[in-house]
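Source file: upload-v7.tsv; contents: TSV, C-alpha atoms.
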chain	number	residue	atom	x	y	z
A	13	MET	CA	-5.60	-10.38	-22.75
A	14	ASN	CA	-5.78	-13.23	-25.25
A	15	ALA	CA	-5.00	-16.55	-23.55
A	16	ALA	CA	-4.93	-18.34	-26.93
A	17	LYS	CA	-1.74	-16.55	-27.91
A	18	ARG	CA	1.36	-17.36	-25.90
A	19	GLU	CA	2.84	-14.18	-24.52
A	20	THR	CA	5.67	-12.91	-22.37
A	21	ILE	CA	4.19	-10.80	-19.59
A	22	VAL	CA	5.91	-8.69	-16.95
A	23	VAL	CA	3.87	-8.24	-13.76
A	24	LYS	CA	5.01	-5.52	-11.37
A	25	VAL	CA	3.86	-5.61	-7.74
A	26	GLY	CA	4.40	-2.59	-5.50
A	27	SER	CA	5.18	-2.44	-1.80
A	28	ALA	CA	1.78	-1.02	-0.88
A	29	LEU	CA	0.07	-4.12	-2.27
A	30	LEU	CA	2.54	-6.74	-1.06
A	31	VAL	CA	3.16	-5.42	2.47
A	32	GLY	CA	0.44	-4.49	4.97
A	33	GLU	CA	0.47	-1.56	7.38
A	34	ASP	CA	1.87	-3.91	10.04
A	35	GLY	CA	4.99	-4.42	7.93
A	36	GLN	CA	4.19	-8.04	7.12
A	37	ALA	CA	3.49	-9.64	3.76
A	38	ARG	CA	-0.18	-9.83	2.75
A	39	ARG	CA	0.03	-13.58	2.18
A	40	SER	CA	-3.65	-14.27	1.57
A	41	TRP	CA	-3.84	-11.64	-1.18
A	42	LEU	CA	-0.50	-12.70	-2.61
A	43	LYS	CA	-1.68	-16.30	-2.87
A	44	THR	CA	-4.48	-15.18	-5.19
A	45	LEU	CA	-2.05	-13.24	-7.38
A	46	VAL	CA	0.27	-16.24	-7.57
A	47	ALA	CA	-2.72	-18.41	-8.56
A	48	ASP	CA	-3.42	-15.98	-11.42
A	49	ILE	CA	0.23	-16.06	-12.48
A	50	ALA	CA	0.32	-19.87	-12.30
A	51	LYS	CA	-2.76	-20.06	-14.51
A	52	ARG	CA	-1.08	-17.94	-17.19
A	53	HIS	CA	2.11	-19.98	-16.84
A	54	GLN	CA	0.22	-23.25	-17.25
A	55	THR	CA	-1.33	-22.06	-20.52
A	56	GLY	CA	2.18	-21.61	-21.92
A	57	ASP	CA	2.76	-17.91	-21.28
A	58	ASN	CA	6.08	-16.68	-19.96
A	59	VAL	CA	5.71	-14.59	-16.80
A	60	ILE	CA	8.29	-12.32	-15.19
A	61	ILE	CA	7.61	-10.77	-11.78
A	62	VAL	CA	9.08	-7.44	-10.73
A	63	SER	CA	8.50	-7.26	-7.01
A	64	SER	CA	8.99	-4.44	-4.54
A	65	GLY	CA	8.79	-5.00	-0.81
A	66	SER	CA	12.29	-5.84	0.40
A	67	ILE	CA	12.83	-2.52	2.22
A	68	ALA	CA	9.40	-2.59	3.86
A	69	LEU	CA	9.80	-6.21	5.01
A	70	GLY	CA	13.35	-5.65	6.22
A	71	ALA	CA	12.44	-2.48	8.11
A	72	ARG	CA	9.98	-4.40	10.26
A	73	LYS	CA	12.51	-7.12	11.05
A	74	LEU	CA	15.12	-4.52	12.03
A	75	GLY	CA	12.65	-2.29	13.88
A	76	LEU	CA	13.41	0.73	11.67
A	77	GLU	CA	11.11	3.75	11.61
A	78	LYS	CA	9.71	5.40	8.48
A	79	GLY	CA	9.58	2.07	6.68
A	80	GLY	CA	13.36	1.89	6.51
A	81	ARG	CA	13.57	5.02	4.36
A	82	ALA	CA	14.90	7.52	6.93
A	83	SER	CA	18.32	7.39	5.22
A	84	LEU	CA	20.06	5.62	2.36
A	85	ALA	CA	22.06	3.50	4.80
A	86	GLU	CA	18.89	2.34	6.58
A	87	ALA	CA	17.21	1.56	3.25
A	88	GLN	CA	20.20	-0.51	2.15
A	89	ALA	CA	20.30	-2.40	5.44
A	90	ALA	CA	16.56	-3.04	5.35
A	91	ALA	CA	16.78	-4.23	1.76
A	92	SER	CA	19.55	-6.71	2.53
A	93	VAL	CA	17.42	-8.29	5.28
A	94	GLY	CA	14.09	-8.02	3.50
A	95	GLN	CA	15.26	-9.43	0.19
A	96	ILE	CA	15.79	-12.85	1.80
A	97	ALA	CA	12.24	-12.83	3.11
A	98	LEU	CA	10.85	-11.56	-0.18
A	99	SER	CA	12.57	-14.13	-2.38
A	100	SER	CA	11.64	-16.94	0.03
A	101	LEU	CA	8.02	-15.85	-0.04
A	102	TRP	CA	7.79	-15.89	-3.84
A	103	SER	CA	9.68	-19.18	-4.06
A	104	GLU	CA	7.37	-20.85	-1.53
A	105	LEU	CA	4.13	-19.67	-3.12
A	106	LEU	CA	5.19	-20.47	-6.68
A	107	ALA	CA	6.40	-23.91	-5.58
A	108	GLU	CA	2.85	-24.67	-4.43
A	109	HIS	CA	2.00	-24.61	-8.15
A	110	GLN	CA	5.10	-26.64	-9.10
A	111	ILE	CA	6.80	-23.57	-10.55
A	112	THR	CA	10.47	-22.79	-10.03
A	113	ALA	CA	11.28	-19.23	-8.97
A	114	ALA	CA	14.55	-17.51	-9.91
A	115	GLN	CA	15.88	-14.37	-8.23
A	116	MET	CA	17.50	-11.54	-10.20
A	117	LEU	CA	18.71	-8.37	-8.49
A	118	LEU	CA	19.44	-5.55	-10.92
A	119	THR	CA	20.82	-2.02	-10.66
A	120	LEU	CA	20.43	0.92	-12.99
A	121	ASP	CA	23.99	0.31	-14.21
A	122	ASP	CA	23.03	-3.21	-15.27
A	123	MET	CA	20.42	-1.80	-17.63
A	124	GLU	CA	22.41	1.26	-18.80
A	125	ASP	CA	25.64	-0.59	-19.67
A	126	ARG	CA	25.13	-2.28	-23.04
A	127	LYS	CA	27.18	-5.42	-22.28
A	128	ARG	CA	25.52	-6.00	-18.88
A	129	TYR	CA	22.11	-5.33	-20.42
A	130	LEU	CA	22.75	-8.05	-23.00
A	131	ASN	CA	23.91	-10.39	-20.21
A	132	ALA	CA	20.62	-9.77	-18.36
A	133	THR	CA	18.74	-10.44	-21.60
A	134	ALA	CA	20.54	-13.78	-22.05
A	135	THR	CA	19.80	-14.81	-18.44
A	136	LEU	CA	16.11	-14.00	-18.80
A	137	GLU	CA	15.92	-15.90	-22.07
A	138	LYS	CA	17.47	-19.02	-20.54
A	139	LEU	CA	15.26	-18.92	-17.43
A	140	LEU	CA	12.10	-18.60	-19.51
A	141	GLU	CA	13.28	-21.37	-21.82
A	142	HIS	CA	13.41	-23.66	-18.78
A	143	ARG	CA	9.96	-22.46	-17.60
A	144	ALA	CA	11.22	-20.76	-14.45
A	145	ILE	CA	9.63	-17.49	-13.34
A	146	PRO	CA	12.21	-14.76	-12.73
A	147	VAL	CA	11.45	-12.60	-9.67
A	148	ILE	CA	13.26	-9.31	-10.12
A	149	ASN	CA	13.92	-6.41	-7.78
A	150	GLU	CA	16.31	-3.50	-7.75
A	151	ASN	CA	19.45	-4.31	-5.79
A	152	ASP	CA	18.71	-1.70	-3.13
A	153	SER	CA	21.38	-3.03	-0.77
A	154	VAL	CA	24.14	-1.61	-2.99
A	155	ALA	CA	22.43	0.97	-5.23
A	156	THR	CA	23.07	4.62	-4.39
A	157	ASP	CA	20.92	7.66	-5.05
A	158	GLU	CA	23.00	8.40	-8.15
A	159	ILE	CA	22.83	4.92	-9.68
A	160	ARG	CA	19.37	3.58	-8.99
A	161	PHE	CA	16.02	3.42	-10.72
A	162	GLY	CA	14.32	4.57	-7.51
A	163	ASP	CA	11.11	2.78	-8.48
A	164	ASN	CA	10.20	-0.61	-9.91
A	165	ASP	CA	7.81	0.80	-12.52
A	166	ARG	CA	10.62	1.88	-14.82
A	167	LEU	CA	12.62	-1.23	-13.93
A	168	ALA	CA	9.65	-3.33	-15.07
A	169	ALA	CA	9.57	-1.53	-18.42
A	170	ARG	CA	13.30	-2.01	-18.92
A	171	VAL	CA	13.05	-5.70	-18.00
A	172	ALA	CA	10.19	-6.07	-20.49
A	173	GLN	CA	12.39	-4.51	-23.13
A	174	ALA	CA	15.28	-6.86	-22.30
A	175	ALA	CA	12.96	-9.88	-22.42
A	176	ALA	CA	11.18	-8.76	-25.62
A	177	ALA	CA	7.92	-8.98	-23.67
A	178	ASP	CA	4.49	-8.43	-25.18
A	179	ARG	CA	3.02	-6.47	-22.28
A	180	VAL	CA	3.62	-5.04	-18.83
A	181	LEU	CA	0.99	-5.05	-16.08
A	182	LEU	CA	1.62	-2.53	-13.31
A	183	LEU	CA	-0.49	-3.48	-10.29
A	184	SER	CA	-1.41	-0.31	-8.43
A	185	ASP	CA	-3.52	0.90	-5.53
A	186	ILE	CA	-5.65	2.79	-8.08
A	187	ASP	CA	-7.32	1.40	-11.20
A	188	GLY	CA	-5.52	3.57	-13.75
A	189	LEU	CA	-4.80	7.10	-14.91
A	190	TYR	CA	-7.03	10.06	-14.09
A	191	ASP	CA	-6.69	13.54	-15.54
A	192	ARG	CA	-6.27	14.79	-11.97
A	193	ARG	CA	-5.56	13.14	-8.63
A	194	PRO	CA	-8.48	10.96	-7.45
A	195	GLY	CA	-9.85	12.30	-4.19
A	196	SER	CA	-9.20	15.93	-5.11
A	197	GLU	CA	-12.01	18.46	-4.74
A	198	THR	CA	-12.99	17.90	-8.37
A	199	HIS	CA	-12.89	14.16	-9.00
A	200	GLY	CA	-10.69	13.25	-11.93
A	201	GLN	CA	-11.90	11.73	-15.18
A	202	PHE	CA	-10.69	8.19	-15.79
A	203	ILE	CA	-8.62	7.62	-18.94
A	204	GLY	CA	-8.94	4.12	-20.35
A	205	MET	CA	-6.50	4.28	-23.24
A	206	VAL	CA	-3.45	6.38	-24.12
A	207	GLU	CA	-1.95	6.40	-27.61
A	208	THR	CA	1.22	8.37	-26.80
A	209	VAL	CA	2.73	9.60	-23.53
A	210	ASP	CA	3.19	13.27	-24.40
A	211	GLU	CA	3.48	16.39	-22.25
A	212	SER	CA	-0.28	16.64	-21.75
A	213	ILE	CA	-0.36	13.09	-20.34
A	214	MET	CA	2.68	13.67	-18.11
A	215	ALA	CA	0.97	16.77	-16.69
A	216	MET	CA	-1.74	14.53	-15.22
A	217	ALA	CA	0.74	12.71	-12.99
A	218	ASP	CA	1.12	12.94	-9.25
A	219	GLY	CA	4.66	12.00	-8.34
A	220	SER	CA	4.00	10.90	-4.77
A	221	SER	CA	3.46	7.40	-3.43
A	222	SER	CA	0.14	7.34	-1.65
A	223	SER	CA	1.07	4.61	0.82
A	224	GLY	CA	4.42	5.96	1.95
A	225	LEU	CA	5.84	2.43	1.63
A	226	GLY	CA	6.93	2.62	-1.97
A	227	SER	CA	9.00	5.05	-3.99
A	228	GLY	CA	6.89	5.33	-7.14
A	229	GLY	CA	3.82	7.32	-8.09
A	230	MET	CA	1.93	8.07	-11.28
A	231	THR	CA	4.93	9.95	-12.68
A	232	SER	CA	7.09	6.82	-12.58
A	233	LYS	CA	4.28	4.77	-14.15
A	234	LEU	CA	3.98	7.20	-17.04
A	235	GLN	CA	7.74	7.16	-17.52
A	236	ALA	CA	7.55	3.36	-17.61
A	237	ALA	CA	4.77	3.57	-20.20
A	238	LYS	CA	6.93	5.81	-22.36
A	239	ILE	CA	9.83	3.34	-22.21
A	240	ALA	CA	7.50	0.46	-23.10
A	241	ASN	CA	5.87	2.42	-25.91
A	242	MET	CA	9.22	3.13	-27.58
A	243	ALA	CA	10.07	-0.58	-27.40
A	244	GLY	CA	6.76	-1.63	-28.99
A	245	ILE	CA	5.36	-3.08	-25.77
A	246	GLU	CA	1.88	-2.55	-24.33
A	247	LEU	CA	1.66	-1.40	-20.72
A	248	SER	CA	-1.40	-1.33	-18.46
A	249	ILE	CA	-1.99	0.19	-15.05
A	250	ILE	CA	-4.55	-1.93	-13.23
A	251	SER	CA	-5.91	-2.18	-9.73
A	252	GLY	CA	-4.30	-4.66	-7.37
A	253	ARG	CA	-6.53	-3.89	-4.39
A	254	GLU	CA	-8.81	-6.88	-4.84
A	255	GLU	CA	-7.98	-10.57	-4.83
A	256	HIS	CA	-7.13	-12.30	-8.12
A	257	PRO	CA	-6.17	-9.00	-9.81
A	258	LEU	CA	-5.02	-10.54	-13.11
A	259	GLU	CA	-8.20	-12.57	-13.50
A	260	ARG	CA	-10.31	-9.53	-12.65
A	261	TYR	CA	-8.52	-7.52	-15.31
A	262	ALA	CA	-8.99	-10.28	-17.88
A	263	LEU	CA	-12.75	-10.31	-17.14
A	264	THR	CA	-13.42	-6.59	-16.78
A	265	ASN	CA	-10.66	-4.94	-18.82
A	266	VAL	CA	-10.75	-2.05	-16.31
A	267	GLY	CA	-7.46	-0.20	-16.31
A	268	THR	CA	-5.46	2.24	-18.38
A	269	LEU	CA	-3.89	0.73	-21.49
A	270	PHE	CA	-0.90	2.49	-23.02
A	271	LYS	CA	-0.70	1.27	-26.58
A	272	ALA	CA	2.53	-0.10	-27.99
A	273	GLY	CA	4.44	2.08	-30.41
A	274	ASP	CA	5.84	0.82	-33.68
A	275	GLY	CA	8.89	-0.49	-31.85
A	276	ALA	CA	12.44	0.60	-32.55
A	277	ASN	CA	15.23	-1.85	-33.34
A	278	ALA	CA	16.95	-3.39	-30.32
A	279	ARG	CA	19.72	-0.80	-30.02
A	280	LYS	CA	17.38	2.15	-30.47
A	281	ALA	CA	14.93	0.70	-27.95
A	282	TRP	CA	17.79	0.37	-25.45
A	283	LEU	CA	18.79	3.98	-26.12
A	284	GLY	CA	15.21	5.18	-25.73
A	285	GLY	CA	14.82	3.46	-22.39
A	286	ARG	CA	18.02	4.77	-20.83
A	287	LEU	CA	17.69	7.02	-17.79
A	288	THR	CA	21.24	8.41	-17.70
A	289	SER	CA	23.56	10.10	-20.19
A	290	ALA	CA	27.16	11.29	-20.33
A	291	GLY	CA	26.39	14.76	-21.64
A	292	THR	CA	24.00	17.08	-23.43
A	293	ILE	CA	23.98	18.83	-26.80
A	294	THR	CA	21.58	21.73	-27.33
A	295	ILE	CA	20.54	22.38	-30.94
A	296	ASP	CA	18.75	25.09	-32.92
A	297	ALA	CA	15.29	24.95	-34.46
A	298	GLY	CA	16.61	23.95	-37.89
A	299	ALA	CA	18.44	20.96	-36.44
A	300	VAL	CA	15.34	19.97	-34.48
A	301	ALA	CA	13.33	19.95	-37.69
A	302	ALA	CA	16.02	17.90	-39.43
A	303	LEU	CA	16.03	15.27	-36.68
A	304	GLN	CA	12.25	15.05	-36.65
A	305	SER	CA	12.36	14.49	-40.42
A	306	GLY	CA	14.74	11.55	-40.01
A	307	GLY	CA	18.07	13.34	-40.40
A	308	SER	CA	21.32	13.08	-38.47
A	309	LEU	CA	22.69	15.74	-36.14
A	310	LEU	CA	25.32	17.91	-37.86
A	311	ALA	CA	27.73	20.33	-36.22
A	312	ALA	CA	26.08	23.32	-37.87
A	313	GLY	CA	22.95	22.91	-35.76
A	314	ILE	CA	24.68	22.77	-32.37
A	315	ILE	CA	24.28	25.71	-29.97
A	316	THR	CA	26.05	24.41	-26.84
A	317	ILE	CA	27.45	21.23	-25.33
A	318	ASP	CA	27.63	20.13	-21.72
A	319	GLY	CA	29.53	17.23	-20.12
A	320	GLN	CA	32.82	15.41	-20.64
A	321	PHE	CA	31.58	12.65	-22.93
A	322	GLU	CA	33.67	10.40	-25.14
A	323	ARG	CA	32.94	8.99	-28.56
A	324	SER	CA	30.23	6.26	-28.36
A	325	ASP	CA	28.87	7.63	-25.07
A	326	VAL	CA	25.10	8.14	-24.84
A	327	ILE	CA	24.14	11.82	-24.93
A	328	GLU	CA	20.90	13.78	-24.67
A	329	ILE	CA	19.90	16.11	-27.50
A	330	LYS	CA	17.79	19.08	-26.39
A	331	ASP	CA	16.11	21.99	-28.10
A	332	ALA	CA	16.72	25.63	-27.16
A	333	ASP	CA	13.98	25.44	-24.50
A	334	GLY	CA	15.72	22.55	-22.73
A	335	LEU	CA	13.28	19.84	-23.87
A	336	THR	CA	14.92	16.48	-24.63
A	337	ILE	CA	13.99	15.49	-28.15
A	338	ALA	CA	16.44	12.65	-28.85
A	339	ARG	CA	19.08	10.38	-27.38
A	340	GLY	CA	22.00	8.89	-29.26
A	341	LEU	CA	25.62	7.76	-29.43
A	342	ALA	CA	28.17	10.55	-29.90
A	343	GLU	CA	30.47	10.27	-32.92
A	344	TYR	CA	32.87	12.83	-31.40
A	345	ASP	CA	34.17	13.44	-27.90
A	346	ALA	CA	33.18	16.61	-26.07
A	347	LEU	CA	36.47	18.40	-26.82
A	348	ASP	CA	36.14	17.96	-30.57
A	349	CYS	CA	32.44	18.83	-30.42
A	350	ALA	CA	33.36	22.12	-28.78
A	351	ARG	CA	35.73	22.90	-31.66
A	352	ILE	CA	33.11	22.39	-34.38
A	353	ILE	CA	29.99	23.96	-32.83
A	354	GLY	CA	27.98	25.76	-35.51
A	355	ARG	CA	30.42	24.95	-38.30
A	356	ARG	CA	29.56	23.64	-41.77
A	357	SER	CA	30.63	20.14	-42.74
A	358	SER	CA	33.09	21.53	-45.29
A	359	GLU	CA	35.02	23.29	-42.49
A	360	LEU	CA	35.47	20.34	-40.15
A	361	GLU	CA	38.59	18.70	-41.59
A	362	ALA	CA	40.59	21.93	-41.33
A	363	LEU	CA	39.39	22.50	-37.76
A	364	LEU	CA	39.99	18.94	-36.54
A	365	GLY	CA	43.06	17.94	-38.52
A	366	TYR	CA	41.51	14.65	-39.63
A	367	ALA	CA	38.75	13.47	-41.95
A	368	PRO	CA	35.49	14.23	-40.12
A	369	ARG	CA	32.74	11.72	-39.48
A	370	SER	CA	29.49	12.19	-41.34
A	371	ALA	CA	27.54	13.44	-38.29
A	372	VAL	CA	27.91	14.34	-34.64
A	373	VAL	CA	25.12	11.83	-33.93
A	374	HIS	CA	24.09	9.60	-36.83
A	375	ARG	CA	20.40	8.88	-37.32
A	376	ASN	CA	21.06	5.12	-37.14
A	377	GLN	CA	22.47	5.59	-33.61
A	378	MET	CA	19.72	7.91	-32.38
A	379	VAL	CA	16.14	7.63	-31.17
A	380	LEU	CA	13.61	10.45	-30.85
A	381	VAL	CA	12.01	10.65	-27.42

Mind converting the file's structure to structure tokens?
Amino acid sequence: MNAAKRETIVVKVGSALLVGEDGQARRSWLKTLVADIAKRHQTGDNVIIVSSGSIALGARKLGLEKGGRASLAEAQAAASVGQIALSSLWSELLAEHQITAAQMLLTLDDMEDRKRYLNATATLEKLLEHRAIPVINENDSVATDEIRFGDNDRLAARVAQAAAADRVLLLSDIDGLYDRRPGSETHGQFIGMVETVDESIMAMADGSSSSGLGSGGMTSKLQAAKIANMAGIELSIISGREEHPLERYALTNVGTLFKAGDGANARKAWLGGRLTSAGTITIDAGAVAALQSGGSLLAAGIITIDGQFERSDVIEIKDADGLTIARGLAEYDALDCARIIGRRSSELEALLGYAPRSAVVHRNQMVLV
């Protein structure tokens, strides 16, 4: 990390690091992290914190078993109690360094809906302009299983995208990515740098949370890296076990760095980072090749459609094996798509009764994933 260049950095802290086995905040460790953050802030960097811990803290206060995760209702109740404690904790510790903390609670819908996403972007921009540090968490007290991130790794990547951040630092209970789970019979090989998060990288992931307190695992971290990569943002997984984790990383550079991609434009980056869609279009091998060569999706290449999407809805585009290859905005609703499946462009006007649009999904409204 280059302190001479002013950066916008997103730091994600998981429950296992922030909350001890007794259900209480690890204040002494957290003070050292806040000192690291304050040092970056004082050099002129913008820092955004994505903090887990509300459910774990609230579960202790309410006396709930299983860390407050026995049911969705218990998790929501624990979050509503714990979020007060969590925000107060960050506010208190940042204030010791004369830094103002700001709380933002986000849901998946806030990031998936374009207008709300832009509102979140504007709020972040204004807070950073006034040198406050936003402390962000998922709004677990109202989010349901169907409309939630489920982990703060991907939330951190989406927040970084909204804030046009330079890098994301995911503090973890391990020091990075291994090609197999550390502690297995054959110890995994550490991977220090990843150019692209492809299928071979995803296969290395272990989806579980080792502590049982959090909801993420290596799978969610790799998904976050993929979101960041598409937005042109670096992401690193680094150890948070020791005190002063950011300073340790700056000195040792020990961690897994996922390099930034070329960076799509703002709309395409938003599309690439989305986690939900209104429907699916499956296409043939010729259409796959056309998309990968920079073309638009035409009706002739469609095999099947699924979902009741409308025009301008976000849809997934999959190959015949079910692999998602692109995401984009539909130019037709599902009903009209069903009428033109496999048809040549010259046939569309007669089938639809109106002048057809140039593509089912135009290349300017699509991003390869």

Could you list, as a JSON list (two decimals) with C-alpha atoms, in the coordinates of the input, every residue within 9 Å of region 209-213 of chain A, counting all atoms listed in the file and ignoring same-chain residues fewer than 6 positions away?
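So the final result, stored in out21.json, reads:
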[["chain", "number", "residue", "atom", "x", "y", "z"],
["A", 191, "ASP", "CA", -6.69, 13.54, -15.54],
["A", 234, "LEU", "CA", 3.98, 7.20, -17.04],
["A", 235, "GLN", "CA", 7.74, 7.16, -17.52],
["A", 237, "ALA", "CA", 4.77, 3.57, -20.20],
["A", 238, "LYS", "CA", 6.93, 5.81, -22.36],
["A", 241, "ASN", "CA", 5.87, 2.42, -25.91],
["A", 270, "PHE", "CA", -0.90, 2.49, -23.02]]

> Suppose you want the space between CA of Gly284 (chain A) and CA of Leu117 (chain A); what is it in Å?
Replying inline: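 A separation of 22.2 Å between them.
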
>> I'd like the contact shell of Ile295 (chain A) - 9 Å cut-off, only C-alpha atoms, skipping same-chain residues fewer than 2 positions apart - returned as a PyMOL selection string.
In response: chain A and resi 293+297-300+309+312-317+329-332

> Mind listing as a PyMOL selection string all residues within 6 Å of (-5.8, -0.2, -5.9), counting all atoms listed in the file?
Replying inline: chain A and resi 184-187+251-253

>> I'd like to know which of A:Arg18, A:Tyr190, A:Ala367, A:Asp296 is closest to Thr55 (chain A), using all atoms listed in the file.
In response: A:Arg18

Mind checking which residues fall within 9 Å of Gly285 (chain A), counting all atoms listed in the file, ignoring those fewer than 5 positions away in the same chain, and posting them as a PDB file with C-alpha atoms, in the frame of the given file?
ATOM      1  CA  GLU A 124      22.410   1.260 -18.800  1.00  0.00           C
ATOM      2  CA  ARG A 166      10.620   1.880 -14.820  1.00  0.00           C
ATOM      3  CA  ALA A 169       9.570  -1.530 -18.420  1.00  0.00           C
ATOM      4  CA  ARG A 170      13.300  -2.010 -18.920  1.00  0.00           C
ATOM      5  CA  GLN A 173      12.390  -4.510 -23.130  1.00  0.00           C
ATOM      6  CA  ALA A 236       7.550   3.360 -17.610  1.00  0.00           C
ATOM      7  CA  LYS A 238       6.930   5.810 -22.360  1.00  0.00           C
ATOM      8  CA  ILE A 239       9.830   3.340 -22.210  1.00  0.00           C
ATOM      9  CA  ALA A 240       7.500   0.460 -23.100  1.00  0.00           C
ATOM     10  CA  MET A 242       9.220   3.130 -27.580  1.00  0.00           C
ATOM     11  CA  ALA A 243      10.070  -0.580 -27.400  1.00  0.00           C
ATOM     12  CA  LYS A 280      17.380   2.150 -30.470  1.00  0.00           C
TER      13      LYS A 280
END

>> Restricting the calculation to only C-alpha atoms: of A:Thr133, A:Ser83, A:Asn277, A:Asn149, which residue gets closest to Val25 (chain A)?
In response: A:Asn149

> Within 7 Å of (1.8, -17.2, -7.1), only C-alpha atoms: residues as a ChimeraX atom specification?
Replying inline: /A:42-50,102,105-106

> Smallest atom-to-atom distance to Gly65 (chain A): which of A:Ser27, A:Gln377, A:Gln88, A:Gln36, using only C-alpha atoms?
Replying inline: A:Ser27

>> Restricting the calculation to only C-alpha atoms: of A:Ile96, A:Ile148, A:Cys349, A:Leu363, which residue gets closest to Ile60 (chain A)?
In response: A:Ile148

>> Please list as a list in words every residue within 12 Å of Ala134 (chain A), counting only C-alpha atoms and excluding residues in the same chain fewer than 4 positions away.
In response: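 Returned residues: Lys127, Arg128, Tyr129, Leu130, Lys138, Leu139, Leu140, Glu141, Val171, Ala174, Ala175 and Ala176 of chain A.
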
> What is the distance, in Å and to one decimal place, between CA of Glu77 (chain A) and CA of Ser92 (chain A)?
Replying inline: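 So the two atoms, CA of Glu77 (chain A) and CA of Ser92 (chain A), lie 16.2 Å apart.
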
> So which one's closest to Arg38 (chain A), A:Ile352, A:Leu98, A:Ala272, A:Leu84? Using all atoms listed in the file, please.
Replying inline: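 Selected residue with least distance to Arg38 (chain A): A:Leu98.
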
> Of the residues A:Ala262, A:Ala311, A:Ala338, A:Ala89, which is the one nearest to Leu380 (chain A), using only C-alpha atoms?
Replying inline: A:Ala338
